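Asks: Take a look at the following structure, please.
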Amino acid sequence: MKASLAIAAIAALAVKASAACWSSSLGYPCCSSSSAEVWYTDNDGKWGVENGDWCGIPKESPSSATCWSLSQGYPCCKSTTQVAYTDDSGKWGVENGDWCGISSDSAGSSTGGSNEDINVTPGEQYTHNGNPFSGVEFFINPYYTAEVDGAIAQMSDSSLIAKAEKMKTYSNAIWLDTIKNMQSWLETNLKGALAQQTGSKKVLTVFVVYDLPGRDCHALASNGELLANDGDLARYKSDYIDVIEGHLKTYKSQPVVLIVEPDSLANLVTNLESTPACADSEKYYLEGHAYLIKKFGVLPHVAMYLDIGHAFWLGWDDNREKAGKVYAKVISSGSPGKVRGFTDNVSNYTPWEDPTLSRGPDTEWNPCPDEKRYLQAMHKDFKAAGIESVYFVSDTSRNGKKVDRKHPGEWCNQTGVGVGARPQASPVSGMDYLDAFYWIKPLGESDGTSDESAARFDGYCGHETAMKPAPEAGQWFQKHFEQGIKNANPPL
């Protein structure tokens with residue numbers, strides 16, 4: 001048996017391209033153990049044979065010395081040595097849409113994607129003057145670039161690969177969705193953006209602040225780490241908001257946009273009576289917003305946009321009227337902090353324009369059946385509510401094609417998805433209050449798992465038009481990404 005395996009291995013060697021250990025991305029898996037028998041050694045490393053095929057033998061078994069991420073609840077990287085981020089713990093890579101720790105023996109050969117070892121010194125105070133998206137370059141998210149590289153490694157269609165390569169050239173938001181991720185991603189990307197600034201041209205970085213106690217009270221798929229209680233509110237302030245504030249104050253010479261707590265205030269408009277979790281979270285949503293507006297709203301280089309859901313959430317007349325009161329109260333509670341405006345369609349699929357829809361039974365008599373008409377109405381209503389600064393950023397990351405959903409309230413991993421208009425400032429003539437189209441929710445990151453046995457399963461992710469099988473929220477969803485770039489409008 002051993003001899004026959006050796007013959008098979010030698011035959012396989014004749015046709016194999018040179019590959020590195022942990023070569024699963026090239027079609028060769030890592031061996032199941034670092035103590036596997038060595039059948040062949042070349043410049044790439046040591047090769048074993050399992051199931052009649054080559055496998056790369058890991059240099060050593062993961063341990064606390066070389067695979068430090070295990071103790072933090074993250075796996076060791078198996079096939080990548082590309083560093084996406086670096087913090088005090090070590091060097092981080094991305095595999096299967098999740099963080100992994102790069103062991104000390106392989107990290108030295110990594111290249112690209114990381115802002116480690118960048119030595120930059122912030123300069124004079126930058127101050128936003130008008131539209132924060134105008135007259136600046138947009139920072140390219142290195143974490144997303146690494147995710148797309150991982151997706152490309154799974155593709156064989158050359159035309160699809162070309163489209164995916166183009167995705168890496170566009171900016172999207174960086175989500176600070178846990179305290180750990182904020183600690184890992186905020187400063188390293190501020191530093192990276194600062195290093196890219198040359199001359200008078202500034203580089204804008206967009207972050208999503210997303211960790212309120214009782215987060216996403218009306219959904220299960222994206223519930224956060226902090227619960228709706230006084231202790232976690234105190235932690236939100238001290239361990240999350242205050243830390244963000246400290247880094248923003250340090251990196252004062254560059255423009256920053258903050259997209260603030262998606263879905264939270266919209267839930268207060270519509271779901272307080274129907275959803276007990278939202279009633280329990282109300283106090284913490286309001287106090288959390290007041291606190292962060294006071295902290296961030298006085299920084300001249302930071303512009304904030306509060307989330308207002310989407311056209312088929314708050315588009316009806318009574319919802320918009322109520323929203324005006326809620327948002328005016330929230331903004332006032334954060335004085336002297338200022339809010340630039342609002343963001344819509346975050347992580348949703350509603351088209352910017354849909355001439356096939358109008359107010360009628362098909363839209364449940366919604367007078368705002370697309371995002372354009374929604375923002376036009378919201379601008380009037382918010383002004384009437386006494387809100388002084390009413391500007392918008394619209395998320396176009398996944399609304400280029402009308403999706404297959406049978407009801408506009410469907411929000412989870414919708415089939416028929418297509419990436420939409422590219423990030424750009426002042427994109428629509430005659431709408432001077434529309435600051436930008438921007439990609440806030442990165443295409444390819446799941447909305448939620450379709451596994452009905454999962455603790456975070458939400459029924460919407462099991463609906464007919466939700467693509468399946470789907471991973472947990474935030475994890476990479478290859479099939480959804482591929483469909484999104486195929487259906488891109490405008491085409492990639």
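A note on labels: chains of the structure tokens are A, B, ... as shown, every chain counts residues from 1, and ligands are counted from 1 in their shown order.
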Please identify all polymer residues within 12 Å of region 130-133 of chain A, counting only C-alpha atoms, omitting same-chain residues fewer than 6 positions from it, and present them as JSON, numbers by chain.

Replies: {"A": [139, 171, 202, 203, 204, 205, 206, 254, 255, 256, 257, 258, 300, 301, 302, 303, 304, 305, 340, 341, 389, 390, 391, 392, 393, 423, 424, 425, 426, 427, 432, 433, 434, 435, 436, 437, 438]}

Asks: Could you save the residues just selected, with N, CA, C and O atoms, as a compact mmCIF listing (two decimals), in the first residue's frame?

Replies:
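Done, and the output landed in again_9.txt:
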# COMPACT_ATOMS: atom_id res chain seq x y z
N PHE A 139 -10.34 56.03 1.26
CA PHE A 139 -9.44 55.00 1.74
C PHE A 139 -9.95 53.62 1.32
O PHE A 139 -11.14 53.33 1.40
N SER A 171 -13.78 51.97 -2.44
CA SER A 171 -13.80 52.13 -0.99
C SER A 171 -15.08 51.59 -0.39
O SER A 171 -16.16 51.65 -1.01
N LYS A 202 -6.35 64.98 0.90
CA LYS A 202 -6.63 64.22 2.11
C LYS A 202 -7.29 62.89 1.76
O LYS A 202 -7.94 62.75 0.72
N VAL A 203 -7.15 61.92 2.65
CA VAL A 203 -7.72 60.59 2.46
C VAL A 203 -8.80 60.38 3.51
O VAL A 203 -8.53 60.40 4.71
N LEU A 204 -10.04 60.17 3.06
CA LEU A 204 -11.19 60.00 3.93
C LEU A 204 -11.38 58.53 4.30
O LEU A 204 -11.39 57.65 3.44
N THR A 205 -11.55 58.28 5.59
CA THR A 205 -11.86 56.94 6.08
C THR A 205 -13.27 56.95 6.67
O THR A 205 -13.63 57.85 7.43
N VAL A 206 -14.05 55.93 6.32
CA VAL A 206 -15.43 55.82 6.80
C VAL A 206 -15.52 54.61 7.74
O VAL A 206 -15.17 53.50 7.36
N GLN A 254 -6.79 64.41 9.48
CA GLN A 254 -7.38 63.71 8.34
C GLN A 254 -8.89 63.64 8.48
O GLN A 254 -9.42 63.63 9.60
N PRO A 255 -9.61 63.59 7.38
CA PRO A 255 -11.08 63.55 7.45
C PRO A 255 -11.59 62.16 7.82
O PRO A 255 -11.05 61.14 7.38
N VAL A 256 -12.63 62.14 8.64
CA VAL A 256 -13.25 60.89 9.06
C VAL A 256 -14.77 61.06 8.99
O VAL A 256 -15.30 62.11 9.34
N VAL A 257 -15.45 60.02 8.53
CA VAL A 257 -16.91 59.96 8.56
C VAL A 257 -17.31 58.78 9.44
O VAL A 257 -16.73 57.69 9.33
N LEU A 258 -18.28 58.99 10.30
CA LEU A 258 -18.83 57.93 11.14
C LEU A 258 -20.28 57.68 10.77
O LEU A 258 -21.11 58.60 10.80
N PRO A 300 -13.78 68.70 14.77
CA PRO A 300 -13.99 69.36 13.47
C PRO A 300 -13.65 68.51 12.26
O PRO A 300 -14.11 68.81 11.15
N HIS A 301 -12.86 67.45 12.44
CA HIS A 301 -12.49 66.60 11.30
C HIS A 301 -13.37 65.37 11.18
O HIS A 301 -13.14 64.51 10.32
N VAL A 302 -14.41 65.28 12.03
CA VAL A 302 -15.29 64.12 12.05
C VAL A 302 -16.70 64.56 11.67
O VAL A 302 -17.25 65.51 12.24
N ALA A 303 -17.30 63.84 10.71
CA ALA A 303 -18.69 64.08 10.31
C ALA A 303 -19.51 62.84 10.63
O ALA A 303 -19.10 61.73 10.29
N MET A 304 -20.65 63.04 11.25
CA MET A 304 -21.49 61.92 11.66
C MET A 304 -22.80 61.89 10.88
O MET A 304 -23.41 62.94 10.61
N TYR A 305 -23.23 60.66 10.57
CA TYR A 305 -24.51 60.43 9.92
C TYR A 305 -25.27 59.38 10.73
O TYR A 305 -24.78 58.26 10.93
N ARG A 340 -23.87 65.80 10.98
CA ARG A 340 -23.92 66.26 9.59
C ARG A 340 -25.23 65.85 8.92
O ARG A 340 -25.82 66.63 8.18
N GLY A 341 -25.68 64.61 9.16
CA GLY A 341 -26.88 64.17 8.47
C GLY A 341 -27.22 62.73 8.78
O GLY A 341 -27.05 62.26 9.92
N SER A 389 -29.14 70.49 10.09
CA SER A 389 -28.25 69.91 9.08
C SER A 389 -28.84 68.60 8.58
O SER A 389 -28.84 67.59 9.29
N VAL A 390 -29.36 68.61 7.36
CA VAL A 390 -30.04 67.44 6.80
C VAL A 390 -29.39 67.07 5.48
O VAL A 390 -29.76 67.56 4.41
N TYR A 391 -28.37 66.24 5.58
CA TYR A 391 -27.67 65.72 4.40
C TYR A 391 -27.65 64.19 4.49
O TYR A 391 -27.81 63.62 5.57
N PHE A 392 -27.44 63.56 3.35
CA PHE A 392 -27.59 62.11 3.32
C PHE A 392 -26.40 61.43 2.64
O PHE A 392 -25.78 61.97 1.71
N VAL A 393 -26.14 60.20 3.12
CA VAL A 393 -25.25 59.25 2.45
C VAL A 393 -26.08 57.99 2.21
O VAL A 393 -26.62 57.42 3.15
N PRO A 423 -19.03 54.39 -5.18
CA PRO A 423 -18.88 55.49 -4.22
C PRO A 423 -18.46 56.79 -4.91
O PRO A 423 -17.49 56.81 -5.67
N GLN A 424 -19.21 57.84 -4.64
CA GLN A 424 -18.90 59.14 -5.24
C GLN A 424 -19.60 60.25 -4.48
O GLN A 424 -20.67 60.05 -3.90
N ALA A 425 -19.00 61.41 -4.49
CA ALA A 425 -19.58 62.58 -3.83
C ALA A 425 -20.58 63.26 -4.76
O ALA A 425 -20.43 63.24 -5.99
N SER A 426 -21.60 63.87 -4.18
CA SER A 426 -22.60 64.66 -4.88
C SER A 426 -23.03 63.98 -6.19
O SER A 426 -22.87 64.53 -7.28
N PRO A 427 -23.62 62.79 -6.12
CA PRO A 427 -23.84 62.00 -7.32
C PRO A 427 -25.06 62.37 -8.15
O PRO A 427 -25.16 61.95 -9.31
N ASP A 432 -28.67 68.64 -3.85
CA ASP A 432 -27.46 69.12 -3.20
C ASP A 432 -27.36 68.66 -1.75
O ASP A 432 -26.30 68.80 -1.12
N TYR A 433 -28.43 68.09 -1.22
CA TYR A 433 -28.39 67.55 0.14
C TYR A 433 -27.98 66.08 0.15
O TYR A 433 -27.94 65.47 1.23
N LEU A 434 -27.71 65.49 -1.00
CA LEU A 434 -27.20 64.12 -1.06
C LEU A 434 -25.67 64.20 -1.13
O LEU A 434 -25.09 64.49 -2.17
N ASP A 435 -25.02 63.96 -0.01
CA ASP A 435 -23.56 64.08 0.05
C ASP A 435 -22.86 63.02 -0.79
O ASP A 435 -21.84 63.31 -1.43
N ALA A 436 -23.37 61.79 -0.77
CA ALA A 436 -22.63 60.73 -1.45
C ALA A 436 -23.46 59.47 -1.63
O ALA A 436 -24.38 59.19 -0.86
N PHE A 437 -23.11 58.71 -2.68
CA PHE A 437 -23.35 57.29 -2.72
C PHE A 437 -22.09 56.65 -2.13
O PHE A 437 -20.97 57.05 -2.43
N TYR A 438 -22.28 55.63 -1.30
CA TYR A 438 -21.12 54.98 -0.69
C TYR A 438 -21.47 53.54 -0.36
O TYR A 438 -22.63 53.20 -0.12

Asks: Check the DSSP output for the backbone and give back, as a ChimeraX atom specification, the residues of region 189-412 of chain A in strand (DSSP E or B).

Replies: /A:198,201-209,256-260,302-307,341-344,391-395

Asks: Taking into account only C-alpha atoms, which residue in the set A:Phe457, A:Tyr251, A:Tyr210, A:Trp411 is nearest to Glu124 (chain A)?

Replies: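 Of A:Phe457, A:Tyr251, A:Tyr210, A:Trp411, the one nearest Glu124 (chain A), counting only C-alpha atoms, is A:Tyr251.
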
Asks: Excluding Asn489 (chain A) and any residue of its chain fewer than 2 positions from it, enumerate the residues within 10 Å of it, using only C-alpha atoms, and give them as an MDAnalysis selection string.

Replies: chainID A and resid 398:401 418:422 484:487 491:492

Asks: Nearest residue to Ser156 (chain A) out of A:Ala466, A:Lys294, A:Ser358, A:Glu482, using only C-alpha atoms?

Replies: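 Selected residue with least distance to Ser156 (chain A): A:Glu482.
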
Asks: Ranking A:Gly315, A:Gly360, A:Pro336, A:Gly309 by minimum distance to Tyr374 (chain A) and counting only C-alpha atoms, which one comes first?

Replies: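 Going through A:Gly315, A:Gly360, A:Pro336, A:Gly309 one by one, the smallest distance to Tyr374 (chain A) is for A:Gly315.
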
Asks: Please report, as JSON lines, each residue of region 389-475 of chain A lying at most 10 Å from region 218-229 of chain A, together with the nearest pair of atoms and the separation in Å rounded to one decimal; use only C-alpha atoms, and order rows by chain and ascending residue number.

Replies:
{"residue": "A:Cys412", "atom": "CA", "partner": "A:Ala221", "partner_atom": "CA", "distance": 9.1}
{"residue": "A:Ser446", "atom": "CA", "partner": "A:Ala221", "partner_atom": "CA", "distance": 9.8}
{"residue": "A:Asp447", "atom": "CA", "partner": "A:Ala221", "partner_atom": "CA", "distance": 7.1}
{"residue": "A:Gly448", "atom": "CA", "partner": "A:Ala221", "partner_atom": "CA", "distance": 4.9}
{"residue": "A:Thr449", "atom": "CA", "partner": "A:Ala221", "partner_atom": "CA", "distance": 7.0}
{"residue": "A:Ser450", "atom": "CA", "partner": "A:Ala221", "partner_atom": "CA", "distance": 9.5}
{"residue": "A:Ala454", "atom": "CA", "partner": "A:Ala221", "partner_atom": "CA", "distance": 9.5}
{"residue": "A:Ala455", "atom": "CA", "partner": "A:Leu220", "partner_atom": "CA", "distance": 8.3}
{"residue": "A:Arg456", "atom": "CA", "partner": "A:Ala221", "partner_atom": "CA", "distance": 4.8}
{"residue": "A:Phe457", "atom": "CA", "partner": "A:Ala221", "partner_atom": "CA", "distance": 5.7}
{"residue": "A:Asp458", "atom": "CA", "partner": "A:Leu220", "partner_atom": "CA", "distance": 5.2}
{"residue": "A:Gly459", "atom": "CA", "partner": "A:Leu220", "partner_atom": "CA", "distance": 8.6}
{"residue": "A:Tyr460", "atom": "CA", "partner": "A:Ala219", "partner_atom": "CA", "distance": 9.1}
{"residue": "A:Cys461", "atom": "CA", "partner": "A:Ala221", "partner_atom": "CA", "distance": 8.3}
{"residue": "A:Glu472", "atom": "CA", "partner": "A:Ala221", "partner_atom": "CA", "distance": 7.4}
{"residue": "A:Ala473", "atom": "CA", "partner": "A:Ala221", "partner_atom": "CA", "distance": 6.2}
{"residue": "A:Gly474", "atom": "CA", "partner": "A:Ser222", "partner_atom": "CA", "distance": 8.5}

Asks: With N, CA, C and O atoms retained, export the selected residues as a short mmCIF file (atom, residue, chain, number, x, y, z; two decimals), in the first residue's frame.

Replies:
data_model
loop_
_atom_site.label_atom_id
_atom_site.label_comp_id
_atom_site.auth_asym_id
_atom_site.auth_seq_id
_atom_site.Cartn_x
_atom_site.Cartn_y
_atom_site.Cartn_z
N CYS A 412 -32.64 39.74 4.25
CA CYS A 412 -31.53 38.82 4.51
C CYS A 412 -31.04 38.10 3.26
O CYS A 412 -31.79 37.33 2.65
N SER A 446 -22.17 38.18 4.83
CA SER A 446 -23.52 37.65 5.05
C SER A 446 -24.35 38.55 5.95
O SER A 446 -23.85 39.20 6.86
N ASP A 447 -25.67 38.52 5.71
CA ASP A 447 -26.62 39.21 6.59
C ASP A 447 -26.99 38.35 7.80
O ASP A 447 -27.44 38.89 8.82
N GLY A 448 -26.85 37.04 7.68
CA GLY A 448 -27.22 36.16 8.78
C GLY A 448 -27.28 34.71 8.32
O GLY A 448 -27.44 34.42 7.12
N THR A 449 -27.18 33.80 9.26
CA THR A 449 -27.14 32.39 8.94
C THR A 449 -28.52 31.84 8.57
O THR A 449 -29.55 32.28 9.10
N SER A 450 -28.52 30.84 7.69
CA SER A 450 -29.75 30.13 7.33
C SER A 450 -29.91 28.85 8.13
O SER A 450 -30.87 28.10 7.93
N ALA A 454 -29.09 27.45 14.69
CA ALA A 454 -28.12 28.41 15.23
C ALA A 454 -28.79 29.36 16.20
O ALA A 454 -29.96 29.74 16.03
N ALA A 455 -28.05 29.79 17.20
CA ALA A 455 -28.59 30.70 18.22
C ALA A 455 -29.01 32.03 17.62
O ALA A 455 -29.97 32.65 18.09
N ARG A 456 -28.33 32.47 16.57
CA ARG A 456 -28.62 33.78 15.96
C ARG A 456 -29.44 33.65 14.68
O ARG A 456 -29.49 34.58 13.89
N PHE A 457 -30.09 32.51 14.49
CA PHE A 457 -30.93 32.36 13.31
C PHE A 457 -32.12 33.29 13.38
O PHE A 457 -32.82 33.36 14.39
N ASP A 458 -32.36 34.03 12.30
CA ASP A 458 -33.52 34.89 12.16
C ASP A 458 -34.39 34.33 11.04
O ASP A 458 -33.88 33.98 9.98
N GLY A 459 -35.68 34.28 11.28
CA GLY A 459 -36.59 33.67 10.31
C GLY A 459 -36.48 34.26 8.91
O GLY A 459 -36.70 33.55 7.91
N TYR A 460 -36.14 35.55 8.82
CA TYR A 460 -36.02 36.16 7.50
C TYR A 460 -34.92 35.51 6.66
O TYR A 460 -34.98 35.51 5.44
N CYS A 461 -33.92 34.95 7.34
CA CYS A 461 -32.82 34.31 6.61
C CYS A 461 -33.19 32.92 6.13
O CYS A 461 -32.39 32.27 5.43
N GLU A 472 -22.99 32.81 9.19
CA GLU A 472 -23.37 33.81 10.19
C GLU A 472 -23.15 35.23 9.66
O GLU A 472 -22.33 35.46 8.77
N ALA A 473 -23.87 36.17 10.24
CA ALA A 473 -23.76 37.58 9.84
C ALA A 473 -22.31 38.04 9.92
O ALA A 473 -21.62 37.78 10.90
N GLY A 474 -21.87 38.69 8.86
CA GLY A 474 -20.52 39.23 8.81
C GLY A 474 -19.50 38.29 8.22
O GLY A 474 -18.42 38.73 7.80
#

Asks: Extract, using only C-alpha atoms, all DNA, RNA and protein residues at most 9 Å from region 475-480 of chain A, discarding same-chain residues fewer than 4 positions from it, and format them as an MDAnalysis selection string.

Replies: chainID A and resid 95:98 147 151 154 413:417 443:448 467 470:471 484:485

Asks: Excluding Ile440 (chain A) and any residue of its chain fewer than 3 positions from it, enumerate the residues within 6 Å of it, using only C-alpha atoms, and give them as a JSON list (two decimals) with all heavy atoms, in the first residue's frame.

Replies:
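Saved result, selection13.json, follows:
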[["chain", "number", "residue", "atom", "x", "y", "z"],
["A", 172, "ASN", "N", -14.99, 51.06, 0.82],
["A", 172, "ASN", "CA", -16.19, 50.75, 1.60],
["A", 172, "ASN", "C", -15.90, 50.97, 3.07],
["A", 172, "ASN", "O", -14.76, 51.21, 3.47],
["A", 172, "ASN", "CB", -16.70, 49.33, 1.31],
["A", 172, "ASN", "CG", -15.66, 48.26, 1.54],
["A", 172, "ASN", "OD1", -14.81, 48.38, 2.41],
["A", 172, "ASN", "ND2", -15.72, 47.20, 0.75],
["A", 173, "ALA", "N", -16.95, 50.91, 3.85],
["A", 173, "ALA", "CA", -16.83, 51.27, 5.27],
["A", 173, "ALA", "C", -16.19, 50.15, 6.08],
["A", 173, "ALA", "O", -16.28, 48.97, 5.74],
["A", 173, "ALA", "CB", -18.21, 51.59, 5.83],
["A", 395, "ASP", "N", -26.43, 54.10, 0.92],
["A", 395, "ASP", "CA", -25.67, 52.87, 0.71],
["A", 395, "ASP", "C", -26.11, 52.21, -0.59],
["A", 395, "ASP", "O", -27.25, 51.75, -0.72],
["A", 395, "ASP", "CB", -25.89, 51.92, 1.89],
["A", 395, "ASP", "CG", -24.99, 50.69, 1.84],
["A", 395, "ASP", "OD1", -24.27, 50.52, 0.84],
["A", 395, "ASP", "OD2", -25.01, 49.90, 2.80]]

Asks: Please return, as a PyMOL selection string, all residues of region 143-215 of chain A that DSSP assigns to alpha helix (DSSP H) on the basis of the backbone.

Replies: chain A and resi 143-152+158-167+179-196

Asks: Keeping N, CA and C atoms, export the residues of the selection given above as an mmCIF file, in the first residue's frame.

Replies:
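Output below, filename part_19.cif:
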data_model
loop_
_atom_site.group_PDB
_atom_site.id
_atom_site.type_symbol
_atom_site.label_atom_id
_atom_site.label_comp_id
_atom_site.auth_asym_id
_atom_site.auth_seq_id
_atom_site.Cartn_x
_atom_site.Cartn_y
_atom_site.Cartn_z
ATOM 1 N N TYR A 143 -8.911 45.069 4.879
ATOM 2 C CA TYR A 143 -9.562 43.836 5.297
ATOM 3 C C TYR A 143 -10.454 43.301 4.177
ATOM 4 N N TYR A 144 -11.213 44.204 3.540
ATOM 5 C CA TYR A 144 -12.082 43.775 2.442
ATOM 6 C C TYR A 144 -11.257 43.308 1.242
ATOM 7 N N THR A 145 -10.164 43.987 0.984
ATOM 8 C CA THR A 145 -9.277 43.556 -0.095
ATOM 9 C C THR A 145 -8.796 42.126 0.137
ATOM 10 N N ALA A 146 -8.462 41.812 1.389
ATOM 11 C CA ALA A 146 -8.035 40.450 1.711
ATOM 12 C C ALA A 146 -9.179 39.462 1.536
ATOM 13 N N GLU A 147 -10.394 39.859 1.906
ATOM 14 C CA GLU A 147 -11.546 38.988 1.707
ATOM 15 C C GLU A 147 -11.762 38.693 0.221
ATOM 16 N N VAL A 148 -11.659 39.730 -0.602
ATOM 17 C CA VAL A 148 -11.872 39.540 -2.044
ATOM 18 C C VAL A 148 -10.756 38.683 -2.639
ATOM 19 N N ASP A 149 -9.532 38.862 -2.171
ATOM 20 C CA ASP A 149 -8.443 37.988 -2.631
ATOM 21 C C ASP A 149 -8.770 36.526 -2.320
ATOM 22 N N GLY A 150 -9.332 36.281 -1.139
ATOM 23 C CA GLY A 150 -9.732 34.931 -0.790
ATOM 24 C C GLY A 150 -10.841 34.419 -1.680
ATOM 25 N N ALA A 151 -11.749 35.303 -2.070
ATOM 26 C CA ALA A 151 -12.829 34.913 -2.972
ATOM 27 C C ALA A 151 -12.299 34.591 -4.365
ATOM 28 N N ILE A 152 -11.353 35.388 -4.831
ATOM 29 C CA ILE A 152 -10.771 35.167 -6.161
ATOM 30 C C ILE A 152 -10.081 33.810 -6.213
ATOM 31 N N SER A 158 -12.463 33.537 -15.710
ATOM 32 C CA SER A 158 -11.573 34.695 -15.860
ATOM 33 C C SER A 158 -12.349 36.011 -15.871
ATOM 34 N N SER A 159 -13.536 36.017 -16.475
ATOM 35 C CA SER A 159 -14.319 37.260 -16.511
ATOM 36 C C SER A 159 -14.822 37.625 -15.119
ATOM 37 N N LEU A 160 -15.176 36.613 -14.320
ATOM 38 C CA LEU A 160 -15.619 36.865 -12.956
ATOM 39 C C LEU A 160 -14.452 37.348 -12.097
ATOM 40 N N ILE A 161 -13.292 36.779 -12.308
ATOM 41 C CA ILE A 161 -12.099 37.210 -11.576
ATOM 42 C C ILE A 161 -11.800 38.675 -11.871
ATOM 43 N N ALA A 162 -11.933 39.066 -13.145
ATOM 44 C CA ALA A 162 -11.674 40.459 -13.520
ATOM 45 C C ALA A 162 -12.633 41.408 -12.799
ATOM 46 N N LYS A 163 -13.891 41.007 -12.680
ATOM 47 C CA LYS A 163 -14.860 41.841 -11.968
ATOM 48 C C LYS A 163 -14.491 41.940 -10.487
ATOM 49 N N ALA A 164 -14.097 40.809 -9.915
ATOM 50 C CA ALA A 164 -13.718 40.807 -8.498
ATOM 51 C C ALA A 164 -12.493 41.680 -8.255
ATOM 52 N N GLU A 165 -11.549 41.649 -9.171
ATOM 53 C CA GLU A 165 -10.358 42.506 -9.033
ATOM 54 C C GLU A 165 -10.751 43.980 -8.997
ATOM 55 N N LYS A 166 -11.756 44.361 -9.772
ATOM 56 C CA LYS A 166 -12.202 45.754 -9.778
ATOM 57 C C LYS A 166 -12.818 46.142 -8.440
ATOM 58 N N MET A 167 -13.445 45.173 -7.771
ATOM 59 C CA MET A 167 -14.057 45.472 -6.479
ATOM 60 C C MET A 167 -13.027 45.974 -5.475
ATOM 61 N N ILE A 179 -15.929 45.498 20.508
ATOM 62 C CA ILE A 179 -14.838 46.225 21.158
ATOM 63 C C ILE A 179 -13.500 45.704 20.641
ATOM 64 N N LYS A 180 -13.382 44.400 20.486
ATOM 65 C CA LYS A 180 -12.156 43.803 19.979
ATOM 66 C C LYS A 180 -11.846 44.294 18.571
ATOM 67 N N ASN A 181 -12.843 44.286 17.702
ATOM 68 C CA ASN A 181 -12.597 44.732 16.330
ATOM 69 C C ASN A 181 -12.267 46.212 16.277
ATOM 70 N N MET A 182 -12.911 46.999 17.125
ATOM 71 C CA MET A 182 -12.565 48.423 17.175
ATOM 72 C C MET A 182 -11.106 48.605 17.586
ATOM 73 N N GLN A 183 -10.670 47.851 18.582
ATOM 74 C CA GLN A 183 -9.281 47.956 19.024
ATOM 75 C C GLN A 183 -8.308 47.535 17.925
ATOM 76 N N SER A 184 -8.714 46.595 17.106
ATOM 77 C CA SER A 184 -7.834 46.083 16.052
ATOM 78 C C SER A 184 -7.838 46.939 14.801
ATOM 79 N N TRP A 185 -8.980 47.532 14.474
ATOM 80 C CA TRP A 185 -9.159 48.113 13.141
ATOM 81 C C TRP A 185 -9.124 49.627 13.090
ATOM 82 N N LEU A 186 -9.484 50.295 14.188
ATOM 83 C CA LEU A 186 -9.623 51.745 14.120
ATOM 84 C C LEU A 186 -8.289 52.436 13.894
ATOM 85 N N GLU A 187 -7.365 52.297 14.822
ATOM 86 C CA GLU A 187 -6.116 53.038 14.700
ATOM 87 C C GLU A 187 -5.290 52.583 13.504
ATOM 88 N N THR A 188 -5.261 51.286 13.241
ATOM 89 C CA THR A 188 -4.427 50.809 12.140
ATOM 90 C C THR A 188 -4.890 51.383 10.805
ATOM 91 N N ASN A 189 -6.190 51.602 10.631
ATOM 92 C CA ASN A 189 -6.681 52.176 9.387
ATOM 93 C C ASN A 189 -6.582 53.693 9.357
ATOM 94 N N LEU A 190 -6.723 54.331 10.498
ATOM 95 C CA LEU A 190 -6.440 55.764 10.554
ATOM 96 C C LEU A 190 -4.979 56.025 10.190
ATOM 97 N N LYS A 191 -4.125 55.175 10.715
ATOM 98 C CA LYS A 191 -2.706 55.294 10.416
ATOM 99 C C LYS A 191 -2.432 55.048 8.932
ATOM 100 N N GLY A 192 -3.080 54.032 8.367
ATOM 101 C CA GLY A 192 -2.895 53.728 6.951
ATOM 102 C C GLY A 192 -3.373 54.847 6.052
ATOM 103 N N ALA A 193 -4.525 55.442 6.397
ATOM 104 C CA ALA A 193 -5.041 56.557 5.603
ATOM 105 C C ALA A 193 -4.131 57.772 5.697
ATOM 106 N N LEU A 194 -3.618 58.030 6.898
ATOM 107 C CA LEU A 194 -2.709 59.167 7.076
ATOM 108 C C LEU A 194 -1.445 58.992 6.249
ATOM 109 N N ALA A 195 -0.947 57.763 6.188
ATOM 110 C CA ALA A 195 0.268 57.499 5.421
ATOM 111 C C ALA A 195 0.049 57.713 3.931
ATOM 112 N N GLN A 196 -1.199 57.575 3.457
ATOM 113 C CA GLN A 196 -1.505 57.747 2.041
ATOM 114 C C GLN A 196 -1.656 59.210 1.641
#

Asks: Using only C-alpha atoms, pick whichever of A:Gly101, A:Pro469, A:Val38, A:Trp175 has the shortest atom-to-atom distance to Asp87 (chain A).

Replies: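 Ranked by minimum distance to Asp87 (chain A), first place goes to A:Gly101.
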
Asks: Report as a list in words all protein, DNA and RNA residues lying within 12 Å of Thr363 (chain A), evaluated on only C-alpha atoms, omitting residues in the same chain fewer than 2 positions from it.

Replies: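 Near neighbours after the sequence-gap exclusion: Ala311, Phe312, Trp313, Gly315, Trp316, Asp354, Thr356, Leu357, Ser358, Arg359, Gly360, Pro361, Trp365, Asn366, Pro367, Cys368, Pro369, Asp370, Lys406, His407, Pro408 and Gly409 of chain A.
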
Asks: Print the selection's residues with C-alpha atoms to a file, as a compact mmCIF listing (two decimals), in the first residue's frame.

Replies:
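In the end it all went to result.txt:
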# COMPACT_ATOMS: atom_id res chain seq x y z
CA ALA A 311 -37.74 53.44 2.23
CA PHE A 312 -39.76 50.39 3.23
CA TRP A 313 -39.16 50.92 6.93
CA GLY A 315 -41.22 55.68 4.20
CA TRP A 316 -44.88 55.97 5.19
CA ASP A 354 -37.70 52.11 -9.17
CA THR A 356 -42.18 50.43 -11.71
CA LEU A 357 -43.49 51.18 -8.22
CA SER A 358 -45.86 53.87 -7.00
CA ARG A 359 -48.14 54.46 -4.04
CA GLY A 360 -50.67 51.66 -4.18
CA PRO A 361 -51.55 48.18 -2.96
CA TRP A 365 -49.54 52.54 0.00
CA ASN A 366 -46.01 53.66 0.69
CA PRO A 367 -45.48 57.03 -1.03
CA CYS A 368 -41.70 56.46 -1.04
CA PRO A 369 -41.13 53.12 -2.84
CA ASP A 370 -37.48 53.78 -3.64
CA LYS A 406 -41.58 39.19 -2.79
CA HIS A 407 -42.02 41.72 -0.01
CA PRO A 408 -39.92 44.88 0.38
CA GLY A 409 -39.35 44.07 4.03
